[in-house]
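Inspection log for the structure reproduced underneath, given as structure tokens.
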Amino acid sequence: MSATNPVRKEDVKGFWEREACGERYGEDQDRIRYELEPEILRFAGFESAAGKRVLEIGVGMGADFLRWVRAGAVATGVDLTERAVELTTARLASERLTADVQVADAEKLPFPDGSFDIVYSWGVLHHTPNPAQALAEAQRVLAPGGELRMMLYHRRSWVAVAAWVRFCLLRGRPGGGLRAGVAHVESPGTQAFTPDEVRRMLPALDELSVEPTLTRWDHRVAPVVSSVLGRRFGWFLLIHGTRRPPNVQ
Ligand SMILES: C[S@@+](CC[C@H](N)C(=O)[O-])C[C@H]1O[C@@H](n2cnc3c(N)ncnc32)[C@H](O)[C@@H]1O
């Protein structure tokens, strides 16, 4: 539990221990993942990682993590759950690959300052009770000049509006707005942010871009209007920035 979010970390962990993200797709998870979220392949830049020290925070089933390893990265993966670590380790083993995958909390990463050239995380840190602390940790472990590549949910989006209608308005509890709706998306207490909120949590990064992106879920809940109004109300915030040396303000 954090000062700003009443959700307990053990409840988040319990949710993802029951079923990892995408596990319901079974053998087809890898194919379906990139069909549903083609943004990942455009954004992550797996092929750029050869020889680089990559940390992935929140590996889930490990589909992206395997791509870092296959690309030749010196890859480390963490997740809050044993389930994710076991699934990812088994996938590595099935391809006779090895990499460091371990249970760890994004809010307290077990790595020294400046350990990684790339810190990557897709759809993870909006689930942890204290995302600001997790983002501080992601910046801390980046080496000067290293890159953060991350996706977080966007509050001013069509998907957040749909969540509010479904979980708040239709249940007769419209108070709390979009924050209250998003709190029901996936694990309990999920948060979503504006680009300015994200920028304020990433003070150690230069060349920071935080770009809303329309997803298939935005198109599904707001089929015409989402296309007409463009990407600014998209559900994903694609975040990219470079770690400045710690002594430069
Ligand atoms: C929606 S899944 C995303 C997994 C994977 N990145 C993907 O895109 O499929 C969220 C993941 O975040 C992990 N997670 C949530 N809070 C975390 C924390 N504090 N530290 C590390 N992992 C966390 C969960 O265990 C879960 O595997």
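In the structure tokens, the first chain shown is A, the next is B, and so on; residue numbers restart at 1 for each chain, and ligands run from 1 in the order shown.
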For Pro195 of chain A, list every protein, DNA or RNA residue within 10 Å, evaluated using only C-alpha atoms, and leave out those in the same chain fewer than 4 positions away; present the list as a PyMOL selection string. chain A and resi 152-156+199-200+209-212+237-239
Residues from last step as file, C-alpha atoms, as a PDB file, in the first residue's frame:
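Okay, this is what ended up in part-v1.pdb:
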```pdb
ATOM      1  CA  LEU A 152       1.917   3.041 -19.428  1.00  0.00           C
ATOM      2  CA  TYR A 153      -1.838   3.499 -19.628  1.00  0.00           C
ATOM      3  CA  HIS A 154      -3.264   6.911 -20.544  1.00  0.00           C
ATOM      4  CA  ARG A 155      -6.118   8.234 -18.403  1.00  0.00           C
ATOM      5  CA  ARG A 156      -7.610  10.651 -20.956  1.00  0.00           C
ATOM      6  CA  ARG A 199       7.023  13.696 -17.391  1.00  0.00           C
ATOM      7  CA  ARG A 200       6.991  14.887 -13.778  1.00  0.00           C
ATOM      8  CA  SER A 209       8.809  11.860 -25.392  1.00  0.00           C
ATOM      9  CA  VAL A 210       5.465  10.691 -24.024  1.00  0.00           C
ATOM     10  CA  GLU A 211       3.125   9.953 -26.926  1.00  0.00           C
ATOM     11  CA  PRO A 212      -0.487   8.754 -26.701  1.00  0.00           C
ATOM     12  CA  LEU A 237       1.442   6.213 -23.621  1.00  0.00           C
ATOM     13  CA  LEU A 238       4.690   5.338 -25.385  1.00  0.00           C
ATOM     14  CA  ILE A 239       7.526   6.745 -23.335  1.00  0.00           C
TER      15      ILE A 239
END
```
Could you name the residues that touch Glu82 of chain A at 8 Å or less, counting only C-alpha atoms, but leaving out those on the same chain fewer than 3 positions away, as a PyMOL selection string? chain A and resi 17+79+85-86+103
Restricting it to N, CA and C atoms, dump the selection as a PDB file, in the first residue's frame.
```pdb
ATOM      1  N   GLU A  17      -0.479 -13.885 -10.067  1.00  0.00           N
ATOM      2  CA  GLU A  17      -0.083 -15.274  -9.805  1.00  0.00           C
ATOM      3  C   GLU A  17      -1.161 -16.241 -10.293  1.00  0.00           C
ATOM      4  N   ASP A  79      10.047  -9.875 -12.432  1.00  0.00           N
ATOM      5  CA  ASP A  79       8.587  -9.800 -12.291  1.00  0.00           C
ATOM      6  C   ASP A  79       8.260 -10.005 -10.821  1.00  0.00           C
ATOM      7  N   VAL A  85       8.102 -15.702 -13.701  1.00  0.00           N
ATOM      8  CA  VAL A  85       9.505 -16.126 -13.779  1.00  0.00           C
ATOM      9  C   VAL A  85       9.589 -17.569 -14.255  1.00  0.00           C
ATOM     10  N   GLU A  86       8.701 -18.423 -13.753  1.00  0.00           N
ATOM     11  CA  GLU A  86       8.716 -19.834 -14.190  1.00  0.00           C
ATOM     12  C   GLU A  86       8.348 -19.958 -15.671  1.00  0.00           C
ATOM     13  N   VAL A 103      12.479 -13.060  -9.516  1.00  0.00           N
ATOM     14  CA  VAL A 103      11.392 -12.346  -8.843  1.00  0.00           C
ATOM     15  C   VAL A 103      11.980 -11.107  -8.192  1.00  0.00           C
TER      16      VAL A 103
END
```
Let me see if you get this right: every residue at most 6 Å from ligand 1, counting only C-alpha atoms and all ligand atoms, written as number ranges by chain. A: 13, 16, 20-21, 57-60, 79-81, 84, 104-107, 122-124, 127-128
Grab the atom CA of Asp117 of chain A to atom CA of Arg149 of chain A distance for me, in Å with one decimal place.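 Atom CA of Arg149 of chain A lies at a distance of 10.8 Å from atom CA of Asp117 of chain A.
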Among the residues of segment 39-91 of chain A, find those DSSP assigns to alpha helix (DSSP H) from the backbone and print them as a count of residues only. 24
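Restricting the calculation to only C-alpha atoms, the smallest distance between Gly146 of chain A and any of A:Ala75, A:Ala204, A:Val182, A:Leu109 is found for A:Ala204.
Minimum distance to Gln139 of chain A across A:Trp158, A:Phe111, A:Phe193, A:Trp164 (counting only C-alpha atoms) occurs at A:Phe111.
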How close does each residue of segment 78-173 of chain A get to segment 32-45 of chain A, giving the shortest atom pair and distance in Å to one decimal for every residue with an atom at most 12 Å away, counting only C-alpha atoms, sorted by chain and residue number, as CSV?
```
residue,atom,partner,partner_atom,distance
A:Ile118,CA,A:Ala44,CA,10.2
A:Val119,CA,A:Ala44,CA,10.5
A:Tyr120,CA,A:Ala44,CA,7.7
A:Ser121,CA,A:Ala44,CA,9.2
A:Trp122,CA,A:Ile40,CA,8.1
A:Gly123,CA,A:Ile40,CA,10.5
A:Glu147,CA,A:Ala44,CA,10.9
A:Leu148,CA,A:Ala44,CA,10.1
A:Arg149,CA,A:Ala44,CA,6.7
A:Met150,CA,A:Ala44,CA,8.3
A:Met151,CA,A:Ile40,CA,9.1
```
For Met201 of chain A, find every residue with an atom within 9 Å (counting only C-alpha atoms), except residues of its own chain fewer than 3 positions away, and show them as a list in words. Pro131, Ala132, Gln133, Leu135, Ala136, Asp196, Glu197, Val198 and Ala204 of chain A
Which residue is closest to Thr194 of chain A? Choose from A:Gly177, A:Gly234, A:Gly26, A:Gly241 and count only C-alpha atoms.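 Among the listed residues, the smallest separation from Thr194 of chain A belongs to A:Gly234.
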Counting only C-alpha atoms, the option among A:Ala162, A:Ala90, A:Val7, A:Val228 closest to Met61 of chain A: A:Ala90
